[in-house]
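For reference, run00.txt is printed below; it contains compact mmCIF, C-alpha atoms.
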```txt
# COMPACT_ATOMS: atom_id res chain seq x y z
CA MET A 1300 7.12 -18.94 -0.36
CA LYS A 1301 4.04 -20.21 -2.13
CA PRO A 1302 2.69 -18.23 -5.10
CA LEU A 1303 -0.21 -15.88 -4.44
CA ILE A 1304 -3.35 -17.03 -6.26
CA ILE A 1305 -6.13 -14.48 -6.78
CA GLY A 1306 -8.80 -16.15 -8.87
CA ASN A 1307 -7.16 -16.87 -12.22
CA LEU A 1308 -4.22 -14.58 -11.46
CA LYS A 1309 -1.00 -16.23 -10.29
CA VAL A 1310 1.75 -14.16 -8.66
CA ARG A 1311 5.01 -16.07 -8.46
CA ILE A 1312 6.38 -14.30 -5.36
CA PRO A 1313 3.76 -13.28 -2.74
CA ILE A 1314 5.16 -9.77 -2.29
CA VAL A 1315 3.08 -6.72 -3.14
CA GLN A 1316 4.82 -3.37 -3.38
CA GLY A 1317 2.83 -0.67 -1.62
CA GLY A 1318 1.45 2.14 -3.78
CA MET A 1319 3.09 5.32 -2.46
CA GLY A 1320 2.17 8.83 -3.52
CA VAL A 1321 2.69 11.50 -4.53
CA GLY A 1322 5.20 10.40 -7.19
CA VAL A 1323 7.06 7.82 -5.08
CA SER A 1324 5.83 4.63 -6.76
CA LEU A 1325 5.25 5.17 -10.46
CA SER A 1326 6.05 3.03 -13.49
CA GLY A 1327 9.76 2.72 -12.63
CA LEU A 1328 9.35 1.03 -9.26
CA ALA A 1329 6.17 -0.86 -10.16
CA SER A 1330 7.68 -2.44 -13.27
CA ALA A 1331 10.89 -3.39 -11.44
CA VAL A 1332 8.91 -5.22 -8.73
CA ALA A 1333 6.69 -6.91 -11.33
CA ASN A 1334 9.78 -8.10 -13.20
CA GLN A 1335 10.98 -9.85 -10.03
CA GLY A 1336 7.74 -11.83 -9.75
CA GLY A 1337 5.84 -9.68 -7.25
CA ILE A 1338 3.01 -7.20 -7.79
CA GLY A 1339 4.18 -3.73 -8.78
CA VAL A 1340 1.79 -0.96 -7.78
CA ILE A 1341 1.41 2.58 -9.14
CA SER A 1342 -0.03 5.20 -6.81
CA ALA A 1343 -2.77 7.04 -8.69
CA VAL A 1344 -2.86 10.12 -6.45
CA GLY A 1345 -1.62 13.48 -7.74
CA LEU A 1346 0.01 12.14 -10.89
CA GLY A 1347 -0.74 15.25 -12.92
CA MET A 1348 1.79 17.10 -10.77
CA SER A 1349 4.56 14.85 -12.08
CA TYR A 1350 3.96 15.86 -15.68
CA ASN A 1351 4.77 19.19 -17.28
CA LEU A 1352 1.26 19.55 -18.64
CA LYS A 1353 -0.92 22.57 -19.17
CA GLY A 1354 -3.31 22.57 -16.24
CA LYS A 1355 -1.23 19.93 -14.46
CA TYR A 1356 -3.21 20.38 -11.26
CA SER A 1357 -6.52 19.61 -12.95
CA LYS A 1358 -8.56 16.40 -12.68
CA GLN A 1359 -7.96 15.67 -16.35
CA ALA A 1360 -4.20 15.99 -15.97
CA ASN A 1361 -4.28 13.42 -13.19
CA ILE A 1362 -6.37 11.06 -15.29
CA ASP A 1363 -4.15 11.41 -18.38
CA SER A 1364 -0.97 11.02 -16.32
CA PHE A 1365 -2.29 7.89 -14.62
CA ARG A 1366 -2.99 6.36 -18.03
CA ASN A 1367 0.53 7.28 -19.17
CA GLU A 1368 2.15 5.66 -16.14
CA ILE A 1369 0.20 2.43 -16.63
CA ARG A 1370 1.27 2.22 -20.27
CA LYS A 1371 4.90 2.95 -19.40
CA ALA A 1372 4.87 0.24 -16.73
CA LYS A 1373 3.40 -2.28 -19.16
CA LYS A 1374 6.16 -1.58 -21.69
CA LEU A 1375 8.80 -2.01 -18.99
CA SER A 1376 7.19 -5.18 -17.63
CA PRO A 1377 5.10 -6.80 -20.39
CA LYS A 1378 4.74 -10.11 -18.51
CA GLY A 1379 4.69 -8.84 -14.92
CA VAL A 1380 1.69 -8.38 -12.62
CA LEU A 1381 0.84 -4.69 -12.31
CA GLY A 1382 -1.67 -2.84 -10.18
CA ALA A 1383 -2.67 0.54 -8.83
CA ASN A 1384 -3.50 2.02 -5.47
CA ILE A 1385 -6.48 4.40 -5.69
CA MET A 1386 -7.69 6.30 -2.63
CA LEU A 1387 -11.43 6.53 -2.11
CA ALA A 1388 -10.73 9.94 -0.61
CA VAL A 1389 -9.63 11.46 -3.92
CA THR A 1390 -12.31 13.50 -5.64
CA ASN A 1391 -11.88 11.79 -9.00
CA PHE A 1392 -11.78 8.21 -7.64
CA ASP A 1393 -14.49 7.01 -10.05
CA GLU A 1394 -12.65 8.34 -13.11
CA LEU A 1395 -9.31 6.87 -12.01
CA PHE A 1396 -10.97 3.52 -11.36
CA LYS A 1397 -12.34 3.56 -14.91
CA VAL A 1398 -8.86 4.20 -16.31
CA ALA A 1399 -7.53 1.16 -14.44
CA ILE A 1400 -10.27 -1.01 -15.94
CA ASP A 1401 -9.87 0.38 -19.45
CA GLU A 1402 -6.09 -0.12 -19.34
CA LYS A 1403 -6.60 -3.70 -18.15
CA LEU A 1404 -4.51 -3.48 -15.01
CA ASP A 1405 -4.22 -6.82 -13.22
CA ILE A 1406 -5.30 -5.51 -9.84
CA VAL A 1407 -6.66 -2.40 -8.10
CA PHE A 1408 -6.18 -1.71 -4.39
CA VAL A 1409 -8.69 0.68 -2.85
CA GLY A 1410 -8.10 2.37 0.50
CA ALA A 1411 -8.68 5.57 2.52
CA GLY A 1412 -12.27 4.54 3.19
CA LEU A 1413 -14.49 1.46 2.96
CA PHE A 1414 -14.88 0.27 -0.64
CA ILE A 1415 -18.61 -0.54 -0.52
CA HIS A 1416 -19.96 1.45 -3.48
CA LYS A 1417 -19.69 0.66 -7.18
CA PRO A 1418 -17.86 3.44 -9.06
CA THR A 1419 -20.33 5.34 -11.23
CA THR A 1420 -17.98 5.24 -14.21
CA VAL A 1421 -18.11 1.47 -14.70
CA THR A 1422 -21.08 -0.62 -15.72
CA THR A 1423 -22.49 -3.37 -13.53
CA GLU A 1424 -21.17 -5.87 -16.06
CA GLU A 1425 -17.65 -4.43 -15.82
CA PHE A 1426 -17.76 -4.41 -12.05
CA LEU A 1427 -19.02 -7.96 -11.74
CA ASN A 1428 -17.00 -9.62 -14.49
CA SER A 1429 -13.85 -7.57 -15.05
CA ASN A 1430 -10.55 -9.46 -15.33
CA THR A 1431 -9.06 -6.76 -13.12
CA LYS A 1432 -8.99 -7.92 -9.51
CA PHE A 1433 -10.56 -5.62 -6.90
CA VAL A 1434 -8.93 -5.53 -3.47
CA PRO A 1435 -10.32 -3.33 -0.67
CA LYS A 1436 -7.85 -2.24 2.00
CA ILE A 1437 -9.07 -2.72 5.58
CA SER A 1438 -7.60 -2.36 9.06
CA SER A 1439 -9.72 -4.74 11.15
CA ALA A 1440 -11.78 -7.94 11.04
CA ARG A 1441 -14.82 -5.77 11.72
CA ALA A 1442 -14.15 -3.74 8.57
CA ALA A 1443 -13.67 -7.00 6.66
CA LYS A 1444 -17.03 -8.30 7.83
CA LEU A 1445 -18.83 -5.10 6.84
CA THR A 1446 -17.13 -5.00 3.45
CA LEU A 1447 -17.92 -8.63 2.66
CA LYS A 1448 -21.53 -8.29 3.80
CA VAL A 1449 -22.15 -5.23 1.64
CA TRP A 1450 -20.50 -6.81 -1.40
CA ALA A 1451 -22.51 -10.01 -0.93
CA ASP A 1452 -25.83 -8.22 -0.42
CA LYS A 1453 -25.41 -5.35 -2.88
CA PHE A 1454 -23.27 -6.85 -5.65
CA GLY A 1455 -23.84 -10.58 -5.35
CA ARG A 1456 -20.08 -11.14 -5.46
CA LEU A 1457 -17.11 -10.77 -3.14
CA PRO A 1458 -13.83 -8.85 -3.44
CA ASP A 1459 -11.07 -10.85 -5.11
CA ALA A 1460 -8.81 -10.42 -2.07
CA LEU A 1461 -8.49 -8.28 1.04
CA ALA A 1462 -5.46 -6.17 1.95
CA ILE A 1463 -5.05 -5.70 5.69
CA GLU A 1464 -3.02 -2.63 6.58
CA GLY A 1465 -1.87 -2.65 10.20
CA SER A 1466 -1.01 0.22 12.48
CA LYS A 1467 2.74 0.16 11.75
CA ALA A 1468 2.36 1.21 8.12
CA GLY A 1469 3.52 4.51 6.68
CA GLY A 1470 1.33 7.16 5.08
CA HIS A 1471 -2.34 7.61 5.84
CA LEU A 1472 -3.65 5.06 8.33
CA GLY A 1473 -7.05 3.51 8.91
CA PHE A 1474 -7.00 4.09 12.66
CA LYS A 1475 -7.82 6.99 14.94
CA LYS A 1476 -4.76 8.82 16.21
CA ASN A 1477 -5.52 8.03 19.87
CA GLU A 1478 -5.74 4.34 18.95
CA LEU A 1479 -2.26 4.51 17.43
CA ILE A 1480 -0.87 6.27 20.49
CA LYS A 1481 -2.43 3.85 22.98
CA GLY A 1482 -1.63 0.81 20.84
CA THR A 1483 -3.75 -1.26 18.53
CA GLN A 1484 -4.29 -4.92 17.86
CA SER A 1485 -1.31 -6.66 16.28
CA LEU A 1486 -1.32 -7.34 12.56
CA HIS A 1487 -1.03 -11.06 13.28
CA ASN A 1488 -4.24 -11.06 15.34
CA ILE A 1489 -6.11 -9.02 12.73
CA VAL A 1490 -5.09 -11.57 10.11
CA ARG A 1491 -6.26 -14.50 12.26
CA GLU A 1492 -9.61 -12.86 13.05
CA THR A 1493 -10.14 -11.83 9.44
CA LYS A 1494 -9.55 -15.41 8.24
CA ILE A 1495 -12.40 -16.55 10.45
CA VAL A 1496 -14.70 -13.88 9.02
CA ILE A 1497 -13.68 -14.70 5.46
CA SER A 1498 -14.23 -18.45 5.83
CA GLU A 1499 -18.00 -18.01 6.24
CA TYR A 1500 -18.30 -16.13 2.94
CA GLU A 1501 -15.87 -18.40 1.11
CA LYS A 1502 -18.09 -21.39 1.89
CA GLU A 1503 -21.24 -19.56 0.82
CA PHE A 1504 -19.83 -18.32 -2.50
CA GLY A 1505 -17.48 -21.21 -3.23
CA VAL A 1506 -14.44 -18.95 -3.67
CA THR A 1507 -11.11 -18.31 -1.99
CA ILE A 1508 -10.35 -14.79 -0.74
CA PRO A 1509 -6.61 -14.42 -0.07
CA ILE A 1510 -5.30 -12.02 2.56
CA ILE A 1511 -2.48 -9.59 1.76
CA ALA A 1512 -1.02 -8.20 4.99
CA GLY A 1513 1.05 -5.04 5.39
CA GLY A 1514 2.24 -2.58 7.99
CA GLY A 1515 5.62 -3.12 9.63
CA ILE A 1516 6.71 -5.93 7.28
CA TYR A 1517 10.36 -5.20 6.51
CA ASP A 1518 12.45 -8.37 6.23
CA GLY A 1519 12.24 -12.08 5.48
CA THR A 1520 11.57 -12.96 9.10
CA ASP A 1521 8.58 -10.60 9.16
CA ILE A 1522 7.27 -12.25 5.99
CA TYR A 1523 7.67 -15.74 7.45
CA LYS A 1524 5.82 -14.84 10.66
CA ILE A 1525 2.85 -13.16 9.00
CA LEU A 1526 2.45 -15.98 6.46
CA LYS A 1527 2.50 -18.46 9.34
CA ALA A 1528 -0.25 -16.37 10.97
CA GLY A 1529 -2.45 -17.02 7.93
CA ALA A 1530 -1.70 -14.31 5.38
CA ASP A 1531 -1.29 -15.37 1.76
CA ALA A 1532 1.00 -12.51 0.78
CA VAL A 1533 2.63 -9.39 2.18
CA LYS A 1534 2.47 -5.74 1.18
CA MET A 1535 5.68 -3.73 1.60
CA GLY A 1536 6.14 -0.03 0.90
CA THR A 1537 8.92 1.31 3.11
CA LYS A 1538 11.36 -1.40 2.06
CA PHE A 1539 11.13 -0.38 -1.60
CA VAL A 1540 11.69 3.34 -1.06
CA THR A 1541 15.44 2.85 -0.67
CA THR A 1542 15.85 1.26 -4.09
CA PHE A 1543 17.44 2.73 -7.18
CA GLU A 1544 14.24 2.10 -9.13
CA CYS A 1545 11.99 3.97 -6.69
CA ASP A 1546 10.66 6.98 -8.58
CA ALA A 1547 11.37 9.50 -5.81
CA ASP A 1548 14.41 11.78 -5.72
CA ILE A 1549 17.59 10.55 -4.02
CA LYS A 1550 17.13 13.18 -1.27
CA PHE A 1551 13.79 11.60 -0.43
CA LYS A 1552 15.45 8.19 -0.08
CA GLU A 1553 18.28 9.65 2.00
CA GLN A 1554 15.69 10.81 4.54
CA TYR A 1555 15.24 7.14 5.39
CA LEU A 1556 18.98 6.51 5.60
CA ASN A 1557 19.41 9.47 7.95
CA ILE A 1558 16.82 8.35 10.52
CA ASN A 1559 18.74 7.85 13.77
CA LYS A 1560 16.11 6.19 15.92
CA PRO A 1561 12.47 4.97 15.80
CA LYS A 1562 11.30 8.17 17.53
CA ASP A 1563 12.31 10.15 14.44
CA ILE A 1564 9.22 8.66 12.78
CA VAL A 1565 6.13 10.49 14.02
CA LEU A 1566 2.35 10.53 13.78
CA ILE A 1567 0.79 13.59 12.16
CA ASP A 1568 -2.67 15.00 11.57
CA SER A 1569 -2.99 15.10 7.80
CA PRO A 1570 -5.13 17.68 5.97
CA ALA A 1571 -6.75 14.62 4.41
CA GLY A 1572 -8.56 14.09 7.70
CA LEU A 1573 -6.61 10.95 8.57
CA PRO A 1574 -3.64 10.34 10.86
CA GLY A 1575 -0.39 9.63 9.06
CA ARG A 1576 3.11 8.37 9.84
CA ALA A 1577 6.11 10.26 8.51
CA VAL A 1578 9.77 11.08 8.99
CA ASN A 1579 9.98 14.11 11.27
CA ASN A 1580 11.73 17.11 9.69
CA ASP A 1581 11.81 20.90 9.86
CA PHE A 1582 8.68 21.18 7.72
CA LEU A 1583 6.60 19.03 10.06
CA LYS A 1584 8.11 20.70 13.13
CA SER A 1585 7.08 24.12 11.82
CA VAL A 1586 3.54 22.85 11.14
CA ALA A 1587 3.37 21.40 14.65
CA ALA A 1588 4.48 24.78 16.00
CA GLY A 1589 1.51 26.43 14.27
CA THR A 1590 3.16 27.84 11.16
CA GLN A 1591 0.67 28.36 8.35
CA LYS A 1592 1.90 27.37 4.90
CA PRO A 1593 0.33 29.11 1.89
CA VAL A 1594 -2.44 26.99 0.39
CA LYS A 1595 -3.62 27.64 -3.17
CA CYS A 1596 -6.18 24.99 -4.03
CA VAL A 1597 -6.87 24.81 -7.77
CA TRP A 1598 -9.35 21.99 -7.22
CA GLN A 1599 -10.21 20.02 -4.12
CA CYS A 1600 -8.30 16.83 -4.94
CA LEU A 1601 -9.31 15.18 -1.64
CA LYS A 1602 -12.97 14.93 -0.64
CA THR A 1603 -12.04 15.08 3.04
CA CYS A 1604 -9.71 18.07 2.85
CA ASN A 1605 -11.11 21.33 4.21
CA TYR A 1606 -8.64 23.31 2.11
CA LYS A 1607 -9.78 26.70 3.46
CA ASN A 1608 -8.73 25.80 6.99
CA VAL A 1609 -5.72 23.49 6.61
CA SER A 1610 -2.20 24.65 7.47
CA TYR A 1611 -0.63 23.22 4.31
CA CYS A 1612 -1.49 21.36 1.09
CA ILE A 1613 -0.77 17.68 1.57
CA ALA A 1614 -0.47 17.03 -2.18
CA GLU A 1615 2.08 19.84 -2.64
CA ALA A 1616 4.06 18.78 0.43
CA LEU A 1617 4.33 15.16 -0.71
CA PHE A 1618 5.10 16.16 -4.29
CA ASN A 1619 7.84 18.53 -3.13
CA ALA A 1620 9.43 15.82 -1.00
CA ALA A 1621 9.31 13.21 -3.77
CA ASN A 1622 11.17 15.69 -5.96
CA GLY A 1623 13.85 16.30 -3.36
CA ASN A 1624 12.51 19.51 -1.82
CA LEU A 1625 12.28 18.49 1.85
CA LYS A 1626 12.31 22.14 2.92
CA ASP A 1627 8.73 22.40 1.66
CA GLY A 1628 7.59 18.84 2.21
CA PHE A 1629 8.06 15.58 4.08
CA ALA A 1630 8.33 11.83 3.56
CA PHE A 1631 5.76 9.31 4.73
CA ALA A 1632 7.35 6.18 6.24
CA GLY A 1633 6.50 3.01 8.15
CA THR A 1634 7.71 2.31 11.69
CA ASN A 1635 10.69 0.28 10.44
CA ALA A 1636 12.09 2.92 8.09
CA TYR A 1637 14.91 3.51 10.59
CA LYS A 1638 16.32 0.09 9.62
CA ALA A 1639 17.24 1.30 6.13
CA GLU A 1640 21.01 1.29 5.64
CA LYS A 1641 21.65 1.50 1.91
CA ILE A 1642 20.21 2.03 -1.54
CA GLN A 1643 19.73 -1.27 -3.38
CA THR A 1644 18.28 -2.55 -6.61
CA VAL A 1645 14.84 -4.10 -6.45
CA LYS A 1646 16.42 -7.41 -7.44
CA GLU A 1647 18.78 -7.21 -4.48
CA VAL A 1648 15.84 -6.53 -2.18
CA PHE A 1649 13.98 -9.59 -3.48
CA ASP A 1650 17.08 -11.78 -3.23
CA GLU A 1651 17.66 -10.60 0.34
CA LEU A 1652 14.05 -11.13 1.41
CA ILE A 1653 13.88 -14.61 -0.09
CA SER A 1654 17.21 -15.58 1.47
CA GLU A 1655 16.09 -14.35 4.91
CA PHE A 1656 12.78 -16.15 4.54
CA LYS A 1657 14.45 -19.44 3.60
CA TYR A 1658 16.85 -19.15 6.52
CA ILE A 1659 14.18 -18.63 9.18
CA ALA A 1660 11.93 -21.28 7.57
CA ALA A 1661 14.75 -23.86 7.63
CA LYS A 1662 15.69 -22.91 11.19
CA ASN A 1663 12.12 -23.41 12.40
CA ARG A 1664 11.76 -26.64 10.41
CA ASN A 1665 14.94 -28.08 11.97
CA TYR A 1666 13.77 -27.03 15.44
CA LYS A 1667 10.42 -28.76 14.90
CA GLN A 1668 12.11 -31.94 13.69
CA LYS A 1669 14.39 -31.99 16.75
CA TYR A 1670 11.43 -31.31 19.05
CA ASP A 1671 9.31 -34.06 17.42
CA TYR A 1672 12.23 -36.49 17.71
CA ALA A 1673 12.78 -35.63 21.39
CA VAL A 1674 9.09 -36.15 22.16
CA CYS A 1675 9.13 -39.48 20.30
CA VAL A 1676 12.22 -40.72 22.20
CA SER A 1677 10.88 -39.63 25.60
CA ALA A 1678 7.62 -41.43 24.88
```
How would this structure read if it were set down as structure tokens?
Amino acid sequence: MKPLIIGNLKVRIPIVQGGMGVGVSLSGLASAVANQGGIGVISAVGLGMSYNLKGKYSKQANIDSFRNEIRKAKKLSPKGVLGANIMLAVTNFDELFKVAIDEKLDIVFVGAGLFIHKPTTVTTEEFLNSNTKFVPKISSARAAKLTLKVWADKFGRLPDALAIEGSKAGGHLGFKKNELIKGTQSLHNIVRETKIVISEYEKEFGVTIPIIAGGGIYDGTDIYKILKAGADAVKMGTKFVTTFECDADIKFKEQYLNINKPKDIVLIDSPAGLPGRAVNNDFLKSVAAGTQKPVKCVWQCLKTCNYKNVSYCIAEALFNAANGNLKDGFAFAGTNAYKAEKIQTVKEVFDELISEFKYIAAKNRNYKQKYDYAVCVSA
């Protein structure tokens, strides 16, 4: 695998750990991934809930807790590459973005909406010249084109990279539910089309915009195939849930190990206003049956959540699950979560992925050499 180069930032292993909330990927998992040479990512959503703070459900608690997690991760991985995943849909996106800049995170991934507006909390100078790399998450070449055009016209600069999240990812998805049911374009094709879109802007601005591809990437063979399709790195969330270092409770991880078949992973309508993919359980079955869960909204943490009419609080449900209470919550998961068989260390995951990648790369290289030789002889 070639290193991932994002401007002046070099990532030794082109593997980005997905930022999973609420409380699934915090400083523990992020630092462990960073220490292995990948990019460790903290999910910035709902962090105040993970701390025993006065007013832990408040905006300020979330901001303070995010800052704490960044500092903890930096102590655990002083030389690693660390980032954050911040959802545009969260009400305090601008404030969380400012924390990431102030704490000098290496990279910020922005999803759950098109990242085409400068956060009000940062100056134009900070936005244009920050050492922190800004990476919008997109789900199509069309979204890439719109994002690049707006950045070029409005900001006079381009994003440092683009993260493509395909339809097989876990959590909230950038597709309509009927699109997911009928079937969407493959991640490989989205990558190829996006590279064409990017090339026009790269020439104009004299920069390189790497593509980080995720959604259904689970093993070394998956990594090899998507890199061959044109991606510069991969983003993997589901694979890192079943690690000792993942910050979620062991019962959350065991949900993955107990999945019997792919059909146990279902699409849901999230109160966030987006479709999501999760492990089916009694909680989700009761919601599907029309059961109303008590919702006490201290503050509207998600801009898109109509908290007065939803059947449950998504933040509470995810927080409960991450803390082992699956009776009152559920676990998001990608389509390949059913492949999980054991709990491993992050190092073991990296060793396994690299070994699988090298094996399939060597196999394909040997096949090509034999094919080229056969063609040469027949000629």
Please report as CSV every residue of stretch 1429-1520 of chain A lying within 12 Å of stretch 1642-1650 of chain A, along with the nearest atom pair and their distance in Å (one decimal), using all atoms listed in the file.
```
residue,atom,partner,partner_atom,distance
A:Tyr1517,CA,A:Val1648,CA,10.4
A:Asp1518,CA,A:Val1648,CA,9.3
A:Gly1519,CA,A:Phe1649,CA,9.5
```
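Each of A:Pro1570, A:Gly1628, A:Gly1514, A:Pro1313 was checked against A:Ala1388 using all atoms listed in the file; the smallest atom-to-atom distance is that of A:Pro1570.
When only C-alpha atoms are used to compute distances to A:Val1490, the closest of the residues A:Ala1588, A:Ala1440, A:Leu1457, A:Val1409 turns out to be A:Ala1440.
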What's around stretch 1502-1508 of chain A at 12 Å? Count only C-alpha atoms, leave out sequence neighbours fewer than 4 positions away in its own chain, and write the answer as a PyMOL selection string. chain A and resi 1303-1307+1432-1435+1443+1447-1448+1450-1452+1455-1462+1493-1498+1529-1532
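Take the candidates A:Lys1467, A:Tyr1555, A:Asp1393, A:Val1344 and check each one against A:Thr1542 using all atoms listed in the file; the shortest distance goes to A:Tyr1555.
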Pick out the closest residue to A:Phe1454 from this set: A:Lys1417, A:Lys1476, A:Lys1481, A:Arg1441. Count all atoms listed in the file. A:Lys1417
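Taking atom CA of A:Ala1587 and atom CA of A:Thr1537 as the two end points, the separation is 23.8 Å.
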Considering only C-alpha atoms, can you say which of A:Ala1343, A:Ala1639, A:Ile1415, A:Leu1652 comes closest to A:Asn1384? A:Ala1343
Which residues are near stretch 1419-1422 of chain A? Cut-off 9 Å, only C-alpha atoms, ignore same chain within fewer than 4 positions. Put them as a PyMOL selection string. chain A and resi 1393-1394+1396-1397+1400+1426-1427
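Among A:Asn1579, A:Ser1439, A:Asn1619, A:Ser1654, the residue with the shortest atom-to-atom distance to A:Arg1491, counting all atoms listed in the file, is A:Ser1439.
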So for stretch 1577-1586 of chain A, what box centre and size do we get, axis-aligned, 5 Å extra on each of the six sides, every listed atom, Å to one decimal, as AutoDock Vina command-line options?
```
--center_x 7.7 --center_y 17.2 --center_z 10.4 --size_x 18.3 --size_y 23.9 --size_z 15.4
```
Using all atoms listed in the file, find all polymer residues with an atom at most 12 Å away from the point (12.0, 19.3, -3.2); report them as a PyMOL selection string. chain A and resi 1322+1547-1551+1582+1615-1630
Taken to one decimal, the atom CA of A:Lys1584-atom CA of A:Gln1316 distance is 29.4 Å
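For the atom pair formed by atom CA of A:Phe1414 and atom CA of A:Ser1357, the distance is 24.4 Å, given to one decimal.
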